[in-house]
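Participant: Dropping in structure.cif, with mmCIF, C-alpha atoms and all ligand atoms.
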data_target
loop_
_atom_site.label_atom_id
_atom_site.label_comp_id
_atom_site.auth_asym_id
_atom_site.auth_seq_id
_atom_site.Cartn_x
_atom_site.Cartn_y
_atom_site.Cartn_z
CA MET A 653 -6.86 4.10 23.36
CA SER A 654 -6.48 1.75 20.40
CA LEU A 655 -5.78 2.00 16.68
CA LEU A 656 -7.52 -0.39 14.31
CA ILE A 657 -5.47 -1.55 11.34
CA THR A 658 -7.50 -3.48 8.76
CA GLY A 659 -5.31 -5.60 6.48
CA GLY A 660 -2.49 -5.17 9.01
CA THR A 661 -0.81 -8.51 8.30
CA GLY A 662 -0.38 -7.57 4.60
CA TYR A 663 2.62 -5.97 2.91
CA ILE A 664 2.06 -2.26 3.58
CA GLY A 665 0.01 -2.85 6.73
CA SER A 666 2.74 -4.87 8.48
CA HIS A 667 5.40 -2.22 7.76
CA THR A 668 3.04 0.47 9.05
CA VAL A 669 2.43 -1.51 12.25
CA VAL A 670 6.21 -1.58 12.85
CA GLU A 671 6.42 2.21 12.48
CA LEU A 672 3.41 2.68 14.78
CA LEU A 673 4.88 0.38 17.43
CA GLN A 674 8.29 1.97 17.24
CA GLY A 675 6.67 5.40 17.37
CA THR A 676 7.83 8.81 16.35
CA ASP A 677 8.71 11.69 18.63
CA SER A 678 5.12 12.88 18.80
CA GLN A 679 3.54 9.42 18.95
CA ASP A 680 1.87 8.22 22.13
CA LEU A 681 3.54 4.84 22.57
CA SER A 682 0.91 3.47 24.90
CA LYS A 683 -1.65 2.84 22.14
CA GLU A 684 -2.88 -0.71 21.56
CA ILE A 685 -2.64 -1.86 17.94
CA VAL A 686 -5.59 -4.02 16.86
CA ILE A 687 -5.20 -5.80 13.52
CA VAL A 688 -8.24 -7.17 11.69
CA ASP A 689 -7.41 -9.35 8.68
CA ASN A 690 -9.11 -12.33 7.01
CA LEU A 691 -5.70 -13.75 5.96
CA SER A 692 -6.83 -14.02 2.32
CA ASN A 693 -3.43 -12.66 1.23
CA SER A 694 -1.24 -12.90 4.34
CA SER A 695 -0.19 -15.19 7.16
CA THR A 696 -0.21 -15.07 10.96
CA LYS A 697 3.54 -15.76 10.75
CA VAL A 698 3.87 -12.01 10.21
CA LEU A 699 2.75 -11.51 13.82
CA ASP A 700 5.84 -13.30 15.21
CA ARG A 701 8.04 -11.25 12.91
CA LEU A 702 6.42 -8.01 14.09
CA GLU A 703 7.16 -9.01 17.67
CA GLN A 704 10.74 -9.96 16.76
CA ILE A 705 11.32 -6.54 15.19
CA THR A 706 9.61 -4.36 17.81
CA GLY A 707 9.63 -6.45 20.99
CA LYS A 708 5.91 -5.62 21.31
CA LYS A 709 2.70 -7.56 20.85
CA VAL A 710 -0.29 -6.58 18.77
CA THR A 711 -3.88 -7.75 19.15
CA PHE A 712 -4.85 -9.87 16.14
CA ILE A 713 -8.44 -10.66 15.20
CA GLU A 714 -9.13 -12.90 12.21
CA ALA A 715 -12.23 -11.37 10.62
CA ASP A 716 -13.56 -10.12 7.32
CA ILE A 717 -14.36 -6.41 6.95
CA CYS A 718 -17.57 -7.44 5.15
CA ASP A 719 -18.76 -9.02 8.44
CA GLU A 720 -20.41 -6.10 10.25
CA GLN A 721 -21.18 -8.16 13.35
CA ALA A 722 -17.54 -9.11 13.78
CA LEU A 723 -16.48 -5.48 13.27
CA ASP A 724 -19.09 -4.31 15.76
CA LYS A 725 -17.63 -6.68 18.35
CA VAL A 726 -14.13 -5.29 17.72
CA PHE A 727 -15.33 -1.72 18.27
CA SER A 728 -17.31 -2.75 21.38
CA GLU A 729 -14.34 -4.52 22.96
CA HIS A 730 -11.61 -1.99 22.12
CA ASN A 731 -11.52 1.75 22.61
CA ILE A 732 -10.73 2.57 18.97
CA GLU A 733 -9.95 6.22 18.20
CA ALA A 734 -8.84 5.94 14.55
CA VAL A 735 -8.64 3.39 11.74
CA ILE A 736 -6.05 2.76 9.04
CA HIS A 737 -7.85 0.81 6.34
CA PHE A 738 -5.58 -1.35 4.16
CA ALA A 739 -7.81 -4.42 3.74
CA GLY A 740 -8.74 -5.10 0.14
CA LEU A 741 -7.90 -7.02 -3.01
CA LYS A 742 -5.30 -5.44 -5.28
CA ALA A 743 -4.50 -7.44 -8.44
CA VAL A 744 -5.49 -5.48 -11.55
CA GLY A 745 -5.70 -8.50 -13.90
CA GLU A 746 -7.67 -10.61 -11.42
CA SER A 747 -10.09 -7.72 -10.88
CA ALA A 748 -11.18 -7.99 -14.53
CA GLU A 749 -11.78 -11.75 -14.09
CA ILE A 750 -13.70 -11.62 -10.80
CA PRO A 751 -15.01 -8.04 -10.57
CA LEU A 752 -17.77 -8.86 -8.09
CA SER A 753 -15.24 -10.08 -5.52
CA TYR A 754 -13.41 -6.78 -5.90
CA TYR A 755 -16.56 -4.66 -5.53
CA GLN A 756 -17.65 -6.82 -2.57
CA ASN A 757 -14.32 -6.70 -0.69
CA ASN A 758 -13.15 -3.21 -1.54
CA VAL A 759 -16.39 -1.23 -1.83
CA SER A 760 -19.01 -3.12 0.24
CA GLY A 761 -16.37 -4.04 2.84
CA THR A 762 -15.42 -0.38 3.21
CA VAL A 763 -19.07 0.68 3.53
CA SER A 764 -19.52 -1.94 6.29
CA LEU A 765 -16.48 -0.59 8.09
CA LEU A 766 -17.77 2.99 7.76
CA GLN A 767 -21.21 1.97 9.09
CA VAL A 768 -19.66 0.41 12.17
CA MET A 769 -17.29 3.35 12.68
CA THR A 770 -20.29 5.73 12.50
CA LYS A 771 -22.22 3.64 15.02
CA HIS A 772 -19.31 3.81 17.45
CA ASN A 773 -18.63 7.49 16.72
CA VAL A 774 -15.11 6.81 15.41
CA LYS A 775 -14.61 9.33 12.59
CA ASN A 776 -10.88 9.37 11.93
CA LEU A 777 -9.68 7.34 8.97
CA VAL A 778 -6.62 6.81 6.82
CA PHE A 779 -7.50 5.02 3.57
CA SER A 780 -5.21 3.17 1.10
CA SER A 781 -5.97 4.69 -2.27
CA SER A 782 -3.77 4.46 -5.35
CA ALA A 783 -2.21 6.56 -8.09
CA THR A 784 -4.32 4.41 -10.41
CA VAL A 785 -7.17 6.95 -9.82
CA TYR A 786 -5.26 9.48 -11.97
CA GLY A 787 -6.14 7.52 -15.13
CA ASN A 788 -4.33 8.96 -18.15
CA ASN A 789 -3.31 12.36 -16.72
CA VAL A 790 0.19 13.53 -17.61
CA SER A 791 2.82 13.38 -14.82
CA PRO A 792 3.70 14.94 -12.44
CA LEU A 793 0.32 14.01 -10.98
CA ASN A 794 -1.22 16.30 -8.40
CA GLU A 795 -4.28 15.97 -6.20
CA THR A 796 -6.36 18.59 -8.07
CA MET A 797 -6.35 16.61 -11.34
CA PRO A 798 -9.53 14.87 -12.54
CA THR A 799 -9.75 11.19 -11.61
CA SER A 800 -10.79 8.13 -13.63
CA ALA A 801 -10.25 4.38 -13.73
CA THR A 802 -9.54 1.85 -16.45
CA ASN A 803 -10.11 -1.47 -14.65
CA PRO A 804 -12.36 -2.83 -11.87
CA TYR A 805 -9.60 -2.56 -9.22
CA GLY A 806 -9.12 1.13 -10.06
CA GLN A 807 -12.90 1.63 -10.06
CA THR A 808 -13.13 0.27 -6.51
CA LYS A 809 -10.48 2.76 -5.29
CA LEU A 810 -12.27 5.61 -7.07
CA MET A 811 -15.69 4.57 -5.75
CA VAL A 812 -14.40 4.43 -2.20
CA GLU A 813 -12.81 7.88 -2.62
CA HIS A 814 -16.20 9.24 -3.77
CA ILE A 815 -17.93 7.60 -0.81
CA LEU A 816 -15.39 9.12 1.59
CA PHE A 817 -15.73 12.62 0.09
CA ASP A 818 -19.55 12.38 0.34
CA LEU A 819 -19.35 11.12 3.91
CA ALA A 820 -17.06 13.95 5.02
CA LYS A 821 -19.36 16.48 3.31
CA SER A 822 -22.35 15.05 5.17
CA ASP A 823 -20.75 15.25 8.62
CA PRO A 824 -17.94 17.67 9.53
CA GLU A 825 -16.77 15.41 12.35
CA TRP A 826 -15.13 13.07 9.85
CA SER A 827 -11.42 13.51 9.19
CA ILE A 828 -10.13 11.32 6.37
CA ALA A 829 -6.77 11.06 4.63
CA CYS A 830 -7.05 9.28 1.26
CA LEU A 831 -3.45 8.33 0.59
CA ARG A 832 -2.72 7.81 -3.09
CA TYR A 833 0.28 5.47 -3.19
CA PHE A 834 2.62 5.39 -6.16
CA ASN A 835 4.70 2.17 -6.49
CA PRO A 836 5.61 0.75 -3.06
CA ILE A 837 8.67 -1.54 -3.11
CA GLY A 838 11.37 -2.64 -0.67
CA ALA A 839 11.10 -4.33 2.67
CA HIS A 840 11.94 -3.75 6.32
CA GLN A 841 15.69 -3.45 6.84
CA SER A 842 15.66 -6.44 9.21
CA GLY A 843 14.80 -8.76 6.31
CA LEU A 844 12.01 -10.20 8.48
CA ILE A 845 8.99 -8.79 6.64
CA GLY A 846 8.45 -7.92 2.99
CA GLU A 847 6.18 -8.45 0.01
CA ASN A 848 4.97 -12.01 -0.27
CA PRO A 849 2.72 -12.30 -3.34
CA ASN A 850 0.71 -15.44 -4.03
CA GLY A 851 1.50 -17.13 -7.35
CA ILE A 852 3.32 -15.34 -10.16
CA PRO A 853 3.85 -11.67 -9.27
CA ASN A 854 2.09 -8.99 -11.35
CA ASN A 855 4.30 -6.12 -10.26
CA LEU A 856 7.82 -5.47 -11.46
CA LEU A 857 9.89 -5.64 -8.27
CA PRO A 858 8.68 -8.96 -6.86
CA TYR A 859 9.07 -10.42 -10.36
CA VAL A 860 12.67 -9.19 -10.71
CA ALA A 861 13.48 -10.40 -7.19
CA GLN A 862 12.15 -13.89 -7.93
CA VAL A 863 14.19 -14.05 -11.17
CA ALA A 864 17.29 -12.96 -9.24
CA VAL A 865 16.78 -15.71 -6.66
CA GLY A 866 16.19 -18.33 -9.39
CA ARG A 867 12.50 -18.94 -8.67
CA LEU A 868 11.44 -17.53 -12.07
CA ALA A 869 13.43 -18.03 -15.27
CA GLN A 870 13.22 -14.69 -17.05
CA LEU A 871 11.67 -11.21 -16.78
CA GLN A 872 9.46 -9.96 -19.59
CA VAL A 873 9.96 -6.23 -20.14
CA PHE A 874 6.68 -4.83 -21.39
CA GLY A 875 7.75 -2.56 -24.23
CA ASP A 876 10.92 -0.62 -25.05
CA ASP A 877 9.38 1.90 -27.45
CA TYR A 878 7.94 4.42 -24.97
CA ASP A 879 9.06 8.03 -25.09
CA THR A 880 11.26 7.65 -21.99
CA VAL A 881 14.96 7.65 -21.13
CA ASP A 882 15.54 4.12 -22.54
CA GLY A 883 12.12 3.29 -24.05
CA THR A 884 10.87 1.30 -21.03
CA GLY A 885 8.11 2.38 -18.63
CA VAL A 886 8.94 4.90 -15.90
CA ARG A 887 7.35 4.76 -12.42
CA ASP A 888 7.67 6.49 -9.06
CA TYR A 889 8.98 3.72 -6.77
CA ILE A 890 8.72 4.47 -3.06
CA HIS A 891 10.28 2.54 -0.17
CA VAL A 892 7.56 0.80 1.84
CA VAL A 893 9.11 2.09 5.09
CA ASP A 894 8.81 5.70 3.86
CA LEU A 895 5.23 4.89 2.87
CA ALA A 896 4.57 3.43 6.33
CA GLN A 897 5.93 6.58 7.97
CA GLY A 898 3.56 8.59 5.76
CA HIS A 899 0.69 6.74 7.48
CA VAL A 900 1.98 7.67 10.92
CA LYS A 901 2.15 11.32 9.81
CA ALA A 902 -1.34 11.12 8.28
CA LEU A 903 -2.72 9.69 11.51
CA GLU A 904 -1.19 12.57 13.44
CA ALA A 905 -2.84 15.02 11.01
CA LEU A 906 -6.40 13.75 11.58
CA GLY A 907 -9.12 15.49 13.58
CA HIS A 908 -8.73 13.53 16.84
CA ALA A 909 -5.09 14.60 16.87
CA LYS A 910 -6.18 18.19 16.08
CA GLY A 911 -4.11 18.05 12.91
CA THR A 912 -4.25 19.65 9.48
CA VAL A 913 -6.58 17.24 7.67
CA LYS A 914 -10.11 18.65 7.60
CA GLY A 915 -12.92 16.68 5.94
CA CYS A 916 -11.66 14.23 3.32
CA GLN A 917 -8.29 15.02 1.79
CA ALA A 918 -6.52 13.17 -1.06
CA ILE A 919 -2.75 13.11 -0.59
CA ASN A 920 -0.07 11.60 -2.86
CA LEU A 921 2.61 9.42 -1.29
CA GLY A 922 5.42 9.24 -3.82
CA THR A 923 8.99 10.46 -4.22
CA GLY A 924 8.45 12.71 -7.24
CA ASN A 925 11.16 10.79 -9.16
CA GLY A 926 10.78 8.34 -12.03
CA THR A 927 12.84 5.19 -12.71
CA SER A 928 12.67 3.03 -15.84
CA VAL A 929 12.29 -0.76 -15.96
CA LEU A 930 15.84 -1.22 -17.26
CA GLU A 931 17.25 1.12 -14.60
CA ILE A 932 15.56 -1.11 -12.01
CA VAL A 933 16.95 -4.29 -13.60
CA ASN A 934 20.50 -2.90 -13.81
CA THR A 935 20.48 -1.56 -10.23
CA PHE A 936 19.11 -4.89 -9.01
CA LYS A 937 21.87 -6.74 -10.87
CA ASP A 938 24.58 -4.52 -9.36
CA ILE A 939 23.28 -4.92 -5.81
CA SER A 940 22.45 -8.63 -5.88
CA GLN A 941 25.30 -9.72 -8.18
CA ALA A 942 22.69 -12.13 -9.56
CA ASP A 943 21.95 -12.80 -13.20
CA ILE A 944 18.61 -11.28 -14.29
CA PRO A 945 17.79 -12.54 -17.77
CA TYR A 946 15.11 -10.51 -19.55
CA LYS A 947 13.32 -10.35 -22.87
CA ILE A 948 11.63 -7.34 -24.44
CA VAL A 949 8.00 -8.19 -25.26
CA PRO A 950 5.10 -6.01 -26.50
CA ARG A 951 3.58 -3.33 -24.24
CA ARG A 952 1.13 -4.45 -21.53
CA ALA A 953 -2.42 -3.25 -22.27
CA GLY A 954 -3.39 -0.22 -20.22
CA ASP A 955 0.19 0.77 -19.26
CA LEU A 956 1.33 4.40 -19.44
CA ALA A 957 4.84 5.51 -20.42
CA THR A 958 5.56 7.65 -17.37
CA VAL A 959 3.86 7.96 -13.96
CA TYR A 960 5.26 9.99 -11.06
CA ALA A 961 3.94 12.12 -8.24
CA ASP A 962 3.88 15.76 -7.41
CA ALA A 963 4.69 15.06 -3.76
CA ALA A 964 4.44 18.65 -2.48
CA LEU A 965 1.09 18.38 -0.66
CA ALA A 966 2.27 15.58 1.65
CA GLY A 967 5.17 17.86 2.59
CA SER A 968 3.08 20.90 3.42
CA LEU A 969 0.09 19.12 4.98
CA LEU A 970 1.73 16.18 6.77
CA GLY A 971 5.34 17.31 7.11
CA TRP A 972 6.32 14.10 5.30
CA GLN A 973 8.70 13.33 2.49
CA ALA A 974 10.32 10.15 1.21
CA ASN A 975 13.92 9.77 2.42
CA LEU A 976 15.12 6.37 1.20
CA ASP A 977 16.69 6.14 -2.27
CA LEU A 978 16.53 3.47 -4.96
CA THR A 979 19.65 1.74 -3.62
CA ALA A 980 18.01 1.28 -0.20
CA MET A 981 14.78 0.08 -1.86
CA ILE A 982 16.59 -2.59 -3.85
CA GLU A 983 19.07 -3.61 -1.13
CA ASP A 984 16.13 -4.18 1.23
CA THR A 985 14.10 -6.05 -1.40
CA TRP A 986 17.09 -8.27 -2.08
CA ARG A 987 17.78 -8.97 1.61
CA TRP A 988 14.14 -9.97 2.14
CA GLN A 989 13.99 -12.10 -1.02
CA SER A 990 17.34 -13.86 -0.53
CA GLU A 991 16.71 -14.61 3.16
CA ASN A 992 13.12 -15.77 2.48
CA PRO A 993 13.38 -17.25 -1.04
CA ASN A 994 9.98 -18.92 -0.80
CA GLY A 995 8.24 -16.25 1.26
CA PHE A 996 6.89 -17.40 4.61
P1 LIG A 1001 -1.77 -7.05 0.76
O1 LIG A 1001 -2.61 -7.95 -0.04
O2 LIG A 1001 -0.41 -7.47 1.13
O3 LIG A 1001 -2.54 -6.60 2.09
C1 LIG A 1001 -3.95 -6.51 2.15
C2 LIG A 1001 -4.40 -7.29 3.39
O4 LIG A 1001 -5.84 -7.20 3.46
C3 LIG A 1001 -4.05 -8.77 3.30
O5 LIG A 1001 -3.42 -9.16 4.51
C4 LIG A 1001 -5.41 -9.49 3.14
O6 LIG A 1001 -5.41 -10.75 3.76
C5 LIG A 1001 -6.35 -8.49 3.79
N1 LIG A 1001 -7.73 -8.51 3.28
C6 LIG A 1001 -8.16 -8.51 2.00
N2 LIG A 1001 -9.51 -8.52 1.95
C7 LIG A 1001 -9.94 -8.50 3.24
C8 LIG A 1001 -11.21 -8.50 3.84
N3 LIG A 1001 -12.33 -8.52 3.11
N4 LIG A 1001 -11.30 -8.50 5.20
C9 LIG A 1001 -10.17 -8.49 5.96
N5 LIG A 1001 -8.94 -8.50 5.45
C10 LIG A 1001 -8.82 -8.50 4.10
O7 LIG A 1001 -1.72 -5.64 -0.05
P2 LIG A 1001 -0.85 -4.34 0.20
O8 LIG A 1001 0.10 -4.22 -0.92
O9 LIG A 1001 -0.37 -4.30 1.59
O10 LIG A 1001 -1.96 -3.23 -0.01
C11 LIG A 1001 -2.68 -2.64 1.05
C12 LIG A 1001 -3.68 -1.65 0.47
O11 LIG A 1001 -3.00 -0.68 -0.30
C13 LIG A 1001 -4.72 -2.29 -0.46
O12 LIG A 1001 -5.97 -1.66 -0.22
C14 LIG A 1001 -4.20 -1.94 -1.84
O13 LIG A 1001 -5.23 -1.86 -2.78
C15 LIG A 1001 -3.57 -0.57 -1.59
N6 LIG A 1001 -2.52 -0.25 -2.57
C16 LIG A 1001 -1.45 -1.11 -2.72
C17 LIG A 1001 -0.48 -0.81 -3.66
C18 LIG A 1001 0.70 -1.73 -3.88
O14 LIG A 1001 1.37 -1.60 -4.89
N7 LIG A 1001 0.99 -2.66 -2.99
C19 LIG A 1001 -0.57 0.37 -4.43
C20 LIG A 1001 -1.65 1.22 -4.23
C21 LIG A 1001 -2.63 0.90 -3.29
C1 LIG A 1002 0.36 -1.47 -11.38
C2 LIG A 1002 -1.14 -1.43 -11.52
C3 LIG A 1002 -1.71 -0.24 -10.77
C4 LIG A 1002 -1.22 -0.23 -9.31
C5 LIG A 1002 0.31 -0.22 -9.32
C6 LIG A 1002 0.93 -0.20 -7.93
C7 LIG A 1002 -1.51 -2.41 -13.75
C8 LIG A 1002 -1.97 -2.16 -15.15
N1 LIG A 1002 -1.48 -1.35 -12.94
O1 LIG A 1002 0.86 -0.39 -12.05
O2 LIG A 1002 -3.11 -0.27 -10.78
O3 LIG A 1002 -1.72 0.92 -8.65
O4 LIG A 1002 0.75 -1.40 -10.01
O5 LIG A 1002 0.74 -1.42 -7.31
O6 LIG A 1002 -1.20 -3.52 -13.37
N2 LIG A 1002 6.73 -4.36 -15.96
C9 LIG A 1002 7.45 -5.16 -16.81
N3 LIG A 1002 7.42 -6.52 -16.57
C10 LIG A 1002 6.72 -7.08 -15.56
C11 LIG A 1002 5.99 -6.24 -14.70
C12 LIG A 1002 6.00 -4.87 -14.93
O7 LIG A 1002 8.09 -4.69 -17.74
O8 LIG A 1002 6.72 -8.32 -15.42
C13 LIG A 1002 6.77 -2.88 -16.17
C14 LIG A 1002 5.43 -2.24 -16.44
O9 LIG A 1002 5.14 -2.22 -17.81
C15 LIG A 1002 5.64 -0.84 -15.85
C16 LIG A 1002 6.61 -1.07 -14.68
O10 LIG A 1002 7.25 -2.31 -14.97
O11 LIG A 1002 6.27 0.00 -16.79
C17 LIG A 1002 5.91 -1.16 -13.34
O12 LIG A 1002 4.88 -2.13 -13.42
P1 LIG A 1002 4.00 -2.55 -12.13
O13 LIG A 1002 4.90 -2.93 -11.01
O14 LIG A 1002 3.00 -3.55 -12.57
O15 LIG A 1002 3.29 -1.18 -11.67
P2 LIG A 1002 2.34 -0.19 -12.52
O16 LIG A 1002 2.37 -0.47 -13.96
O17 LIG A 1002 2.70 1.20 -12.11
#
Re-express the file's structure as structure tokens.
Ligand code: NAD
Ligand code: UD1
Facilitator:
Amino acid sequence: MSLLITGGTGYIGSHTVVELLQGTDSQDLSKEIVIVDNLSNSSTKVLDRLEQITGKKVTFIEADICDEQALDKVFSEHNIEAVIHFAGLKAVGESAEIPLSYYQNNVSGTVSLLQVMTKHNVKNLVFSSSATVYGNNVSPLNETMPTSATNPYGQTKLMVEHILFDLAKSDPEWSIACLRYFNPIGAHQSGLIGENPNGIPNNLLPYVAQVAVGRLAQLQVFGDDYDTVDGTGVRDYIHVVDLAQGHVKALEALGHAKGTVKGCQAINLGTGNGTSVLEIVNTFKDISQADIPYKIVPRRAGDLATVYADAALAGSLLGWQANLDLTAMIEDTWRWQSENPNGF
């Protein structure tokens, strides 16, 4: 049997492939991993790194999830039993500039994937959703809260969630875990794979890491007048390896594995803890011993003061919880950034 990983050469996908290849106690290690990625935000160099880390090979197919014919061929040639669907565009600012590309890739692309899965009777799916679907709800955020979106990227995640809920309602054979990620950071402990954003990073951690390594001059801290511990924004940062292990657990909880996920189920993947921007900067400074100049600037439009998860459901439903602390997250980010100062 095979597992299809769309977007598997990307940041979260590549870490998940490592965890799948290395297996857990209950994981059948004989499964073939098939990655489909159009390389719009990743490189095939990741494939060598995956082999270096695990000593195993994956099957890589360069294809776009919007291309139904190409997907059909993948399902015809491999005995796929479940899909983890990471492929998509993810930059909030860019999504407001080129919304059609976001709706095309994230929404139409997912519908194409679901059509082909239906045709081949593959009805087990793990989907990359985001805490962005909680809109302005007050933290801790739990899965029963109403959802909303404030930008085209968030809309695409919400639309796909609605599609997945409708699909599962229409056909009880579907088993879908909609994983709502909080703020993934960190890198594999080997320093061989990590986050490799194109251009100037939008997210805090890659920005701080590039300042620490001297690639960017100075961090801008977006606001210090929030009602938080030190006035700067608080987020629920989660180590990408914990997040990856959450995918392995979600896969084991799907219908084909006779697990606990029935129909379509939204599940938070977060730690339940919040950390402020200045706490991140100070911890990064301590660990890297690098200078991290910063300047306080006005708030970024659309930002909330505090966002963190109620992570209980992932515990009870998947038997998963985050284990790695902020020190591990930042040590691993720093190892990756300092050993690969210009990415791949
Ligand atoms: P990433 O950009 O590193 O990985 C996404 C991968 O998908 C890339 O390798 C890219 O080349 C590929 N891709 C994009 N469009 C494609 C298409 N049409 N066909 C085939 N491949 C395509 O991003 P990531 O951080 O690994 O995120 C993975 C998923 O998780 C995304 O869906 C993202 O929206 C979601 N997510 C990410 C975060 C985060 O902070 N990183 C938070 C919440 C949700
Ligand atoms: C962003 C996205 C969100 C996505 C999430 C996880 C926006 C508006 N939201 O949210 O949709 O789900 O990432 O990928 O982009 N910060 C600075 N300086 C910087 C960058 C960030 O001070 O240069 C601050 C922010 O104001 C925030 C914190 O750092 O308080 C984290 O920011 P970021 O990494 O962009 O994540 P989110 O704001 O949670």
Participant: What lies within 9 Å of Ile837 in chain A using all atoms listed in the file, ignoring chain neighbours under 6 positions off, as a PyMOL selection string?
Facilitator: chain A and resi 846-847+857-858+889-893+981-982+985
Participant: Store the residues of this selection in a file with C-alpha atoms, as an mmCIF file, keeping the file's coordinate frame.
Facilitator:
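File produced: selection_25.cif:
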data_model
loop_
_atom_site.group_PDB
_atom_site.id
_atom_site.type_symbol
_atom_site.label_atom_id
_atom_site.label_comp_id
_atom_site.auth_asym_id
_atom_site.auth_seq_id
_atom_site.Cartn_x
_atom_site.Cartn_y
_atom_site.Cartn_z
ATOM 1 C CA GLY A 846 8.450 -7.920 2.990
ATOM 2 C CA GLU A 847 6.180 -8.450 0.010
ATOM 3 C CA LEU A 857 9.890 -5.640 -8.270
ATOM 4 C CA PRO A 858 8.680 -8.960 -6.860
ATOM 5 C CA TYR A 889 8.980 3.720 -6.770
ATOM 6 C CA ILE A 890 8.720 4.470 -3.060
ATOM 7 C CA HIS A 891 10.280 2.540 -0.170
ATOM 8 C CA VAL A 892 7.560 0.800 1.840
ATOM 9 C CA VAL A 893 9.110 2.090 5.090
ATOM 10 C CA MET A 981 14.780 0.080 -1.860
ATOM 11 C CA ILE A 982 16.590 -2.590 -3.850
ATOM 12 C CA THR A 985 14.100 -6.050 -1.400
#
Participant: Could you list, as an mmCIF file with C-alpha atoms, keeping the file's coordinate frame, all residues that come within 7 Å of ligand LIG 1002 (chain A)? Count all atoms listed in the file.
Facilitator:
data_model
loop_
_atom_site.group_PDB
_atom_site.id
_atom_site.type_symbol
_atom_site.label_atom_id
_atom_site.label_comp_id
_atom_site.auth_asym_id
_atom_site.auth_seq_id
_atom_site.Cartn_x
_atom_site.Cartn_y
_atom_site.Cartn_z
ATOM 1 C CA VAL A 744 -5.490 -5.480 -11.550
ATOM 2 C CA GLY A 745 -5.700 -8.500 -13.900
ATOM 3 C CA SER A 782 -3.770 4.460 -5.350
ATOM 4 C CA ALA A 783 -2.210 6.560 -8.090
ATOM 5 C CA THR A 784 -4.320 4.410 -10.410
ATOM 6 C CA GLY A 806 -9.120 1.130 -10.060
ATOM 7 C CA PHE A 834 2.620 5.390 -6.160
ATOM 8 C CA ASN A 835 4.700 2.170 -6.490
ATOM 9 C CA PRO A 836 5.610 0.750 -3.060
ATOM 10 C CA ASN A 854 2.090 -8.990 -11.350
ATOM 11 C CA ASN A 855 4.300 -6.120 -10.260
ATOM 12 C CA LEU A 856 7.820 -5.470 -11.460
ATOM 13 C CA LEU A 857 9.890 -5.640 -8.270
ATOM 14 C CA TYR A 859 9.070 -10.420 -10.360
ATOM 15 C CA LEU A 871 11.670 -11.210 -16.780
ATOM 16 C CA GLN A 872 9.460 -9.960 -19.590
ATOM 17 C CA VAL A 873 9.960 -6.230 -20.140
ATOM 18 C CA PHE A 874 6.680 -4.830 -21.390
ATOM 19 C CA GLY A 875 7.750 -2.560 -24.230
ATOM 20 C CA THR A 884 10.870 1.300 -21.030
ATOM 21 C CA GLY A 885 8.110 2.380 -18.630
ATOM 22 C CA VAL A 886 8.940 4.900 -15.900
ATOM 23 C CA ARG A 887 7.350 4.760 -12.420
ATOM 24 C CA VAL A 929 12.290 -0.760 -15.960
ATOM 25 C CA ARG A 951 3.580 -3.330 -24.240
ATOM 26 C CA ARG A 952 1.130 -4.450 -21.530
ATOM 27 C CA GLY A 954 -3.390 -0.220 -20.220
ATOM 28 C CA ASP A 955 0.190 0.770 -19.260
ATOM 29 C CA ALA A 957 4.840 5.510 -20.420
#
Participant: What does the distance between CA of Val688 in chain A and CA of Ala902 in chain A come to in Å, to one decimal place?
Facilitator: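 Straight-line distance from CA of Val688 in chain A to CA of Ala902 in chain A works out to 19.8 Å.
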Participant: Hey, which residues sit close to ligand LIG 1001 (chain A)? Say within 7 Å, counting only C-alpha atoms and all ligand atoms, and write them as a ChimeraX atom specification.
Facilitator: /A:658-665,688-694,715-718,738-742,757,761,780-783,832-836,847
Participant: Using only C-alpha atoms, please write the residues we just selected to a file, as a CSV table (one decimal), in the frame of the given file.
Facilitator:
chain,number,residue,atom,x,y,z
A,658,THR,CA,-7.5,-3.5,8.8
A,659,GLY,CA,-5.3,-5.6,6.5
A,660,GLY,CA,-2.5,-5.2,9.0
A,661,THR,CA,-0.8,-8.5,8.3
A,662,GLY,CA,-0.4,-7.6,4.6
A,663,TYR,CA,2.6,-6.0,2.9
A,664,ILE,CA,2.1,-2.3,3.6
A,665,GLY,CA,0.0,-2.8,6.7
A,688,VAL,CA,-8.2,-7.2,11.7
A,689,ASP,CA,-7.4,-9.4,8.7
A,690,ASN,CA,-9.1,-12.3,7.0
A,691,LEU,CA,-5.7,-13.8,6.0
A,692,SER,CA,-6.8,-14.0,2.3
A,693,ASN,CA,-3.4,-12.7,1.2
A,694,SER,CA,-1.2,-12.9,4.3
A,715,ALA,CA,-12.2,-11.4,10.6
A,716,ASP,CA,-13.6,-10.1,7.3
A,717,ILE,CA,-14.4,-6.4,7.0
A,718,CYS,CA,-17.6,-7.4,5.2
A,738,PHE,CA,-5.6,-1.4,4.2
A,739,ALA,CA,-7.8,-4.4,3.7
A,740,GLY,CA,-8.7,-5.1,0.1
A,741,LEU,CA,-7.9,-7.0,-3.0
A,742,LYS,CA,-5.3,-5.4,-5.3
A,757,ASN,CA,-14.3,-6.7,-0.7
A,761,GLY,CA,-16.4,-4.0,2.8
A,780,SER,CA,-5.2,3.2,1.1
A,781,SER,CA,-6.0,4.7,-2.3
A,782,SER,CA,-3.8,4.5,-5.4
A,783,ALA,CA,-2.2,6.6,-8.1
A,832,ARG,CA,-2.7,7.8,-3.1
A,833,TYR,CA,0.3,5.5,-3.2
A,834,PHE,CA,2.6,5.4,-6.2
A,835,ASN,CA,4.7,2.2,-6.5
A,836,PRO,CA,5.6,0.8,-3.1
A,847,GLU,CA,6.2,-8.4,0.0
